[in-house]
Each structure stands twice: as structure tokens, then as C-alpha cells.
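Chemist: Following this line is data-v9.cif, made up of mmCIF, C-alpha atoms (C1' of nucleotides):
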```cif
data_protein
loop_
_atom_site.label_atom_id
_atom_site.label_comp_id
_atom_site.auth_asym_id
_atom_site.auth_seq_id
_atom_site.Cartn_x
_atom_site.Cartn_y
_atom_site.Cartn_z
CA MET X 103 41.89 -50.12 11.54
CA GLU X 104 42.68 -46.87 9.79
CA ARG X 105 40.62 -45.53 6.95
CA SER X 106 42.48 -44.83 3.77
CA ILE X 107 42.43 -41.08 3.40
CA ARG X 108 44.11 -39.39 0.44
CA ARG X 109 46.53 -36.66 1.43
CA LEU X 110 45.81 -33.27 -0.08
CA HIS X 111 48.60 -31.95 -2.27
CA ARG X 112 49.44 -28.26 -2.12
CA THR X 113 48.25 -27.87 -5.70
CA ASP X 114 44.80 -29.08 -4.60
CA LEU X 115 44.40 -25.94 -2.47
CA PRO X 116 42.71 -22.88 -3.98
CA THR X 117 45.10 -19.93 -3.98
CA ASP X 118 42.59 -17.45 -2.52
CA THR X 119 42.04 -17.34 1.26
CA THR X 120 38.25 -17.16 1.16
CA LYS X 121 38.07 -19.93 -1.43
CA LEU X 122 40.34 -22.08 0.73
CA ALA X 123 38.09 -21.55 3.76
CA ARG X 124 35.12 -22.81 1.73
CA PHE X 125 37.16 -25.59 0.11
CA LEU X 126 38.26 -27.01 3.45
CA ILE X 127 34.69 -27.72 4.57
CA GLY X 128 34.22 -31.49 4.31
CA LYS X 129 37.97 -32.17 4.04
CA THR X 130 39.83 -34.11 6.72
CA LEU X 131 42.35 -33.19 9.39
CA VAL X 132 44.54 -36.10 10.50
CA HIS X 133 47.04 -36.44 13.33
CA ASP X 134 48.99 -39.70 13.42
CA LEU X 135 50.25 -40.42 16.91
CA PRO X 136 52.04 -43.41 18.46
CA GLU X 137 48.80 -44.17 20.34
CA GLY X 138 46.82 -44.17 17.12
CA ARG X 139 45.24 -41.95 14.55
CA LEU X 140 43.07 -38.93 15.31
CA SER X 141 40.98 -37.62 12.45
CA GLY X 142 37.92 -35.55 11.76
CA ARG X 143 35.90 -33.88 9.02
CA ILE X 144 36.31 -30.11 8.93
CA VAL X 145 32.81 -28.63 9.33
CA GLU X 146 33.54 -24.98 10.21
CA THR X 147 36.22 -22.47 9.13
CA GLU X 148 36.89 -18.74 9.07
CA ALA X 149 38.94 -16.77 6.54
CA TYR X 150 41.35 -14.08 7.76
CA VAL X 151 42.20 -12.33 4.52
CA VAL X 152 44.79 -9.81 3.33
CA GLY X 153 44.00 -6.28 4.57
CA ASP X 154 41.63 -7.61 7.24
CA ALA X 155 41.90 -5.64 10.50
CA ALA X 156 40.69 -8.71 12.44
CA ALA X 157 43.58 -10.83 11.15
CA HIS X 158 46.73 -11.51 13.12
CA ALA X 159 48.81 -10.68 10.04
CA PHE X 160 47.23 -7.24 9.61
CA ARG X 161 50.11 -5.30 11.21
CA GLY X 162 52.75 -7.21 9.32
CA GLN X 163 54.99 -10.14 10.11
CA THR X 164 56.12 -10.77 13.70
CA ARG X 165 57.71 -13.72 15.45
CA ARG X 166 54.33 -15.01 16.52
CA ASN X 167 52.49 -14.81 13.21
CA ARG X 168 55.32 -15.66 10.82
CA SER X 169 53.72 -19.00 9.88
CA LEU X 170 50.86 -17.10 8.25
CA PHE X 171 53.41 -15.85 5.74
CA LEU X 172 54.51 -19.34 4.63
CA ARG X 173 53.29 -20.94 1.41
CA PRO X 174 49.70 -22.30 1.49
CA GLY X 175 49.13 -25.36 3.64
CA HIS X 176 51.28 -24.59 6.68
CA ALA X 177 50.03 -24.65 10.26
CA TYR X 178 49.81 -21.42 12.19
CA VAL X 179 49.08 -22.24 15.84
CA TYR X 180 48.13 -19.38 18.13
CA PHE X 181 47.92 -19.65 21.92
CA ALA X 182 45.22 -17.52 23.56
CA TYR X 183 43.85 -16.82 27.02
CA GLY X 184 46.63 -18.86 28.58
CA LEU X 185 44.67 -22.01 27.85
CA HIS X 186 43.65 -22.53 24.26
CA ASN X 187 45.49 -23.28 21.04
CA MET X 188 43.97 -22.42 17.70
CA LEU X 189 44.94 -24.04 14.42
CA ASN X 190 45.05 -22.11 11.15
CA VAL X 191 46.12 -23.06 7.64
CA SER X 192 48.24 -20.51 5.79
CA SER X 193 46.58 -19.57 2.55
CA GLU X 194 48.54 -17.18 0.35
CA GLU X 195 51.86 -17.22 -1.49
CA SER X 196 55.10 -16.97 0.47
CA GLY X 197 55.51 -13.53 2.04
CA VAL X 198 51.77 -12.75 2.11
CA GLY X 199 50.14 -13.13 5.53
CA ALA X 200 46.68 -14.73 5.58
CA GLY X 201 45.06 -17.89 6.84
CA VAL X 202 42.03 -20.03 7.56
CA LEU X 203 41.05 -20.80 11.16
CA LEU X 204 39.74 -24.34 11.69
CA ARG X 205 36.82 -23.92 14.10
CA ALA X 206 35.14 -27.33 14.32
CA LEU X 207 35.48 -30.99 13.37
CA GLU X 208 33.21 -33.98 13.15
CA PRO X 209 35.35 -36.65 14.84
CA LEU X 210 36.02 -39.73 12.68
CA GLU X 211 38.87 -41.79 14.15
CA GLY X 212 40.45 -41.93 17.59
CA ILE X 213 37.27 -40.85 19.35
CA PRO X 214 38.14 -42.63 22.64
CA LEU X 215 41.51 -40.85 22.63
CA MET X 216 39.82 -37.51 22.00
CA GLN X 217 37.38 -38.20 24.81
CA ARG X 218 40.28 -38.78 27.15
CA ARG X 219 42.16 -35.68 26.00
CA ARG X 220 39.05 -33.55 26.41
CA ALA X 221 37.69 -35.25 29.53
CA GLN X 222 34.40 -35.19 27.70
CA GLU X 223 32.13 -38.02 26.50
CA ARG X 224 29.79 -36.26 24.10
CA VAL X 225 31.13 -36.64 20.59
CA THR X 226 29.46 -33.41 19.47
CA ASP X 227 31.46 -31.50 22.09
CA LEU X 228 34.88 -32.96 21.32
CA ALA X 229 35.92 -30.50 18.60
CA ARG X 230 33.12 -27.89 18.49
CA GLY X 231 35.11 -24.65 18.74
CA PRO X 232 38.73 -23.85 17.86
CA GLY X 233 40.15 -24.40 21.34
CA ARG X 234 38.38 -27.73 21.70
CA LEU X 235 39.45 -28.80 18.22
CA ALA X 236 43.12 -28.26 19.03
CA GLN X 237 42.81 -30.02 22.38
CA ALA X 238 40.99 -33.02 20.91
CA MET X 239 43.50 -33.31 18.06
CA GLY X 240 46.55 -32.85 20.27
CA VAL X 241 47.65 -29.70 18.43
CA SER X 242 49.81 -27.18 20.29
CA LEU X 243 52.45 -24.51 19.67
CA ARG X 244 54.90 -27.32 18.86
CA HIS X 245 53.05 -27.71 15.56
CA ASP X 246 53.36 -24.05 14.58
CA GLY X 247 55.01 -23.79 11.17
CA LEU X 248 54.47 -27.45 10.20
CA ASP X 249 53.72 -28.18 6.57
CA LEU X 250 50.29 -29.86 6.46
CA CYS X 251 50.88 -30.90 2.84
CA ALA X 252 54.16 -32.70 3.52
CA ALA X 253 54.85 -36.21 4.77
CA GLY X 254 54.36 -35.59 8.48
CA PRO X 255 52.15 -36.62 11.40
CA LEU X 256 49.69 -33.73 11.05
CA TRP X 257 48.11 -33.38 7.63
CA LEU X 258 45.11 -32.44 5.52
CA GLY X 259 43.17 -35.17 3.73
CA ALA X 260 40.51 -35.36 1.04
CA SER X 261 36.81 -35.76 1.81
CA VAL X 262 35.72 -39.21 2.98
CA ARG X 263 32.11 -38.70 1.92
CA PRO X 264 30.11 -36.09 0.00
CA THR X 265 30.02 -32.66 1.64
CA GLY X 266 26.65 -31.23 2.61
CA GLU X 267 25.36 -27.79 1.73
CA ILE X 268 27.74 -25.02 2.84
CA GLY X 269 26.50 -21.92 4.67
CA LYS X 270 28.29 -18.66 5.41
CA SER X 271 27.99 -16.08 8.17
CA VAL X 272 29.85 -13.41 10.09
CA ARG X 273 32.86 -14.53 12.10
CA ILE X 274 32.73 -15.36 15.78
CA GLY X 275 34.51 -13.63 18.65
CA ILE X 276 36.14 -10.71 16.83
CA SER X 277 35.71 -6.98 17.45
CA ARG X 278 36.83 -5.56 14.10
CA GLU X 279 35.55 -6.18 10.57
CA THR X 280 32.55 -7.87 12.16
CA GLU X 281 30.28 -7.54 9.12
CA ARG X 282 32.28 -9.65 6.70
CA LEU X 283 30.77 -13.01 5.76
CA LEU X 284 33.95 -15.06 6.10
CA ARG X 285 32.77 -17.96 8.27
CA PHE X 286 31.87 -21.17 6.44
CA TYR X 287 30.17 -24.24 7.83
CA GLU X 288 28.39 -27.40 6.79
CA ARG X 289 24.68 -26.75 7.18
CA ARG X 290 22.79 -28.99 9.57
CA SER X 291 25.98 -30.45 10.97
CA PRO X 292 25.59 -30.96 14.74
CA TYR X 293 29.34 -30.52 15.14
CA THR X 294 29.60 -26.77 14.45
CA SER X 295 30.00 -24.00 17.04
CA GLY X 296 28.14 -20.72 17.36
CA SER X 297 24.61 -19.75 18.29
CA ARG X 298 21.62 -21.22 16.51
CA SER X 299 21.31 -18.16 14.24
CA LEU X 300 24.81 -18.84 12.96
CA ARG X 301 24.00 -22.44 12.12
CA VAL X 302 21.21 -21.84 9.66
"C1'" DA B 64 61.90 -4.81 31.69
"C1'" DG B 65 57.09 -3.99 32.57
"C1'" DT B 66 52.34 -3.98 30.98
"C1'" DG B 67 48.04 -5.38 28.76
"C1'" DC B 68 45.36 -8.49 26.39
"C1'" DG B 69 43.50 -12.09 23.18
"C1'" DA B 70 40.14 -15.51 16.45
"C1'" DT B 71 37.84 -19.19 24.09
"C1'" DT B 72 35.97 -22.22 27.36
"C1'" DG B 73 33.65 -24.06 31.40
"C1'" DA B 74 31.61 -23.09 35.68
"C1'" DC B 75 28.29 -20.62 37.85
"C1'" DT B 76 23.97 -17.00 38.91
"C1'" DG C 98 23.24 -14.22 31.19
"C1'" DT C 99 28.30 -13.18 33.61
"C1'" DC C 100 33.12 -14.02 34.63
"C1'" DA C 101 37.76 -15.83 35.76
"C1'" DA C 102 41.55 -18.62 34.15
"C1'" DT C 103 46.53 -18.13 32.55
"C1'" DC C 104 50.38 -17.84 28.95
"C1'" DG C 105 53.18 -15.97 25.12
"C1'" DC C 106 54.07 -12.18 22.90
"C1'" DA C 107 53.52 -7.39 20.98
"C1'" DC C 108 54.02 -2.97 22.40
"C1'" DT C 109 56.02 0.92 24.94
"C1'" DA C 110 60.04 2.83 27.18
#
```
Take the structure in the file and give it back as C-alpha cells.

Modeler:
Amino acid sequence: MERSIRRLHRTDLPTDTTKLARFLIGKTLVHDLPEGRLSGRIVETEAYVVGDAAAHAFRGQTRRNRSLFLRPGHAYVYFAYGLHNMLNVSSEESGVGAGVLLRALEPLEGIPLMQRRRAQERVTDLARGPGRLAQAMGVSLRHDGLDLCAAGPLWLGASVRPTGEIGKSVRIGISRETERLLRFYERRSPYTSGSRSLRV
DNA sequence: AGTGCGATTGACT
DNA sequence: GTCAATCGCACTA
């Protein structure tokens, strides 16, 4: 039995990258598959803003990062370390490269399917971290460039319950622009990644 | 056409 | 705490 989750319209999205990263905390990511629905609450994000040396779009548009230059609400999927996919949401007007990395989800629907995909029982470990999130949700390079605000299998939904207090911190795993407070997370959520000091 | 490496993870000391 | 895995793609030539 699927929950009824309202799809987010593109006009619901804030036009600023950092605001979008904060806005997406508590919202829902949904992937409708023939086997059933996978969904989860977004509990951790990072903003990769215009002029940010840590951002993939920093050096301009290339074949790989072109999805970051689409209108807000498109998927940019990046494949790293030969193993992991990472899902971003494009965040600025067409032609401007910026995005929000989805780093962790609280699983809602399709948990048995996620457990099988991840070969992992613990619900708190299913989507804690960007690589795990993509694996649990069945997101891969095939989804690069998809419009998450259009009628499609992979989409963004509204909150299904009130969002807790939101914290911010430095971003994880980058070597440049390390001081910027562009990581957002739901405080006290057991589903976020990062060391304890980044979860306060 | 060849080279180097990454917005990570899981296994292991 | 360390470290290897493994692919697409940007970069250099």
C-alpha cells in the first residue's frame, strides 16, 4: 500500500542553491519501480554553489556535468571510485551550473527491497551516505539528466511529517573550500552520515 | 590514445 | 586508524 505523497512542482523549489539544500531536508525522494515503490525522507544534503572550487561545475560545463546546468529539479548522477553513484539535484536557472548532493535518507517505503539491494539489514545503514543512498534507491548513471519534477519514475515529494530542527556544518569528503557551512541535516536523525561532531 | 583520480565504502589492523 | 576496489571521464599530447 503506497502512501499518498504530493509531488513537488518546480515552482516549489527555492531558486538559490543553498536555500534549496536546506529546503530539501524533510522532503521525500521516490523511485517507482515495477517491483514496488522505494521512498525515503531526505535528512542530509550539501550545496555546491556557483563559484565554488569544490563543485563539479566550477571549471565550466563538460559532458559529465552538463545536468548541473539544467533548470532546477533535474538529476545529476556522478559515478565515483568505480563503485558509487551520487545523486544531485540541479539548483539554478538553465545555463548556470550548481546543485545539491543528496547524502542520506530515512527509508520509508520499499525497505525490504532496499535491504536486498544493499545486502544490509540495518535500516539506519541503508541510505546513510551518498553512495549507499543511490544503491538503496536504485539510482545510477541511467538517471542522469532526468527531470525530478516531471511525471516520471524518480521524483521529489513533499514532506510526509513535520521536519525536525535543521543543523548545518562543513561538507564531507572534499579538499577545497572546506570551511564553508553548506551541509544541512536533520538534527538527532539516526539516518545521517558523518562523525558525531557533524551530527550535533 | 594514454594517464590520473574522485562530493565513498567496507573490510581489516 | 588504514587501504584497496574499479569505472567514466577530464586532461594532456

Chemist: So which one's closest to chain B, X:Leu235, X:Ala157, X:Leu172, X:Leu210? Using all atoms listed in the file, please.

Modeler: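 Among X:Leu235, X:Ala157, X:Leu172, X:Leu210, it is X:Ala157 that comes nearest to chain B.
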
Chemist: Written as a list of chain:residue names, what is the full residue list that the PyMOL selection byres ((chain X) within 9 of (chain C)) yields on the file shown?

Modeler: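 That expression, the PyMOL selection byres ((chain X) within 9 of (chain C)), corresponds here to X:Thr164, X:Arg165, X:Arg166, X:Phe181, X:Ala182, X:Tyr183, X:Gly184, X:Leu185.
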
Chemist: Please determine the contact residues of chain X with respect to chain B at a cut-off of 9 Å, counting all atoms listed in the file, and supply them as a list in words.

Modeler: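 For chain X, the answer reads Glu148, Tyr150, Ala156, Ala157, His158, Phe181, Ala182, Tyr183, Leu185, His186, Met188, Leu203, Gly231, Pro232, Gly233, Arg234, Arg273, Ile274, Gly275 and Ile276 of chain X.
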
Chemist: Could you produce a table of the residues of region 202-268 of chain X lying within 12 Å of region 117-124 of chain X, with the nearest pair of atoms per residue and their separation in Å rounded to one decimal, using only C-alpha atoms, ordered by chain and increasing residue number, as a tab-separated table?

Modeler:
```
residue	atom	partner	partner_atom	distance
X:Val202	CA	X:Ala123	CA	5.7
X:Leu203	CA	X:Ala123	CA	8.0
X:Leu204	CA	X:Ala123	CA	8.6
X:Arg205	CA	X:Ala123	CA	10.7
X:Thr265	CA	X:Arg124	CA	11.1
X:Gly266	CA	X:Arg124	CA	12.0
X:Glu267	CA	X:Arg124	CA	11.0
X:Ile268	CA	X:Arg124	CA	7.8
```

Chemist: Taking the file as I've supplied it (selection: the PyMOL selection byres ((chain X and resi 192-200) around 8)), which residues are included? Please answer as a VMD selection string.

Modeler: chain X and resid 117 to 119 122 150 to 152 157 159 to 160 162 to 163 168 to 178 190 to 191 201 to 202

Chemist: Just give me the gap between CA of Glu104 (chain X) and CA of Phe125 (chain X) in Å, one decimal is fine.

Modeler: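 Computing it gives 24.0 Å between the two atoms.
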
Chemist: So what do you get for CA of His111 (chain X) versus CA of Ser271 (chain X), distance-wise?

Modeler: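 Taking CA of His111 (chain X) as the start and CA of Ser271 (chain X) as the end point, the length is 28.0 Å.
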
Chemist: Could you tell me how far CA of Ala238 (chain X) lies from CA of Arg278 (chain X), in Å and to one decimal?

Modeler: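 We find that CA of Ala238 (chain X) and CA of Arg278 (chain X) lie 28.6 Å from each other.
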
Chemist: Got a sec to resolve the PyMOL selection byres ((chain X and resi 301) around 10) on this structure and send the residues as a ChimeraX atom specification?

Modeler: /X:269-271,286-292,294-300,302

Chemist: Around (40.4, -33.8, 18.4) in the file's own coordinates, what residues are found within 9 Å if you use only C-alpha atoms (C1' of nucleotides), given back as a PDB file with C-alpha atoms, in the coordinates of the input?

Modeler:
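Okay, this is what ended up in selection.pdb:
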```pdb
ATOM      1  CA  HIS X 133      47.040 -36.440  13.330  1.00  0.00           C
ATOM      2  CA  LEU X 140      43.070 -38.930  15.310  1.00  0.00           C
ATOM      3  CA  SER X 141      40.980 -37.620  12.450  1.00  0.00           C
ATOM      4  CA  GLY X 142      37.920 -35.550  11.760  1.00  0.00           C
ATOM      5  CA  LEU X 207      35.480 -30.990  13.370  1.00  0.00           C
ATOM      6  CA  GLU X 208      33.210 -33.980  13.150  1.00  0.00           C
ATOM      7  CA  PRO X 209      35.350 -36.650  14.840  1.00  0.00           C
ATOM      8  CA  GLY X 212      40.450 -41.930  17.590  1.00  0.00           C
ATOM      9  CA  ILE X 213      37.270 -40.850  19.350  1.00  0.00           C
ATOM     10  CA  LEU X 215      41.510 -40.850  22.630  1.00  0.00           C
ATOM     11  CA  MET X 216      39.820 -37.510  22.000  1.00  0.00           C
ATOM     12  CA  GLN X 217      37.380 -38.200  24.810  1.00  0.00           C
ATOM     13  CA  ARG X 219      42.160 -35.680  26.000  1.00  0.00           C
ATOM     14  CA  ARG X 220      39.050 -33.550  26.410  1.00  0.00           C
ATOM     15  CA  LEU X 228      34.880 -32.960  21.320  1.00  0.00           C
ATOM     16  CA  ALA X 229      35.920 -30.500  18.600  1.00  0.00           C
ATOM     17  CA  ARG X 234      38.380 -27.730  21.700  1.00  0.00           C
ATOM     18  CA  LEU X 235      39.450 -28.800  18.220  1.00  0.00           C
ATOM     19  CA  ALA X 236      43.120 -28.260  19.030  1.00  0.00           C
ATOM     20  CA  GLN X 237      42.810 -30.020  22.380  1.00  0.00           C
ATOM     21  CA  ALA X 238      40.990 -33.020  20.910  1.00  0.00           C
ATOM     22  CA  MET X 239      43.500 -33.310  18.060  1.00  0.00           C
ATOM     23  CA  GLY X 240      46.550 -32.850  20.270  1.00  0.00           C
ATOM     24  CA  VAL X 241      47.650 -29.700  18.430  1.00  0.00           C
TER      25      VAL X 241
END
```
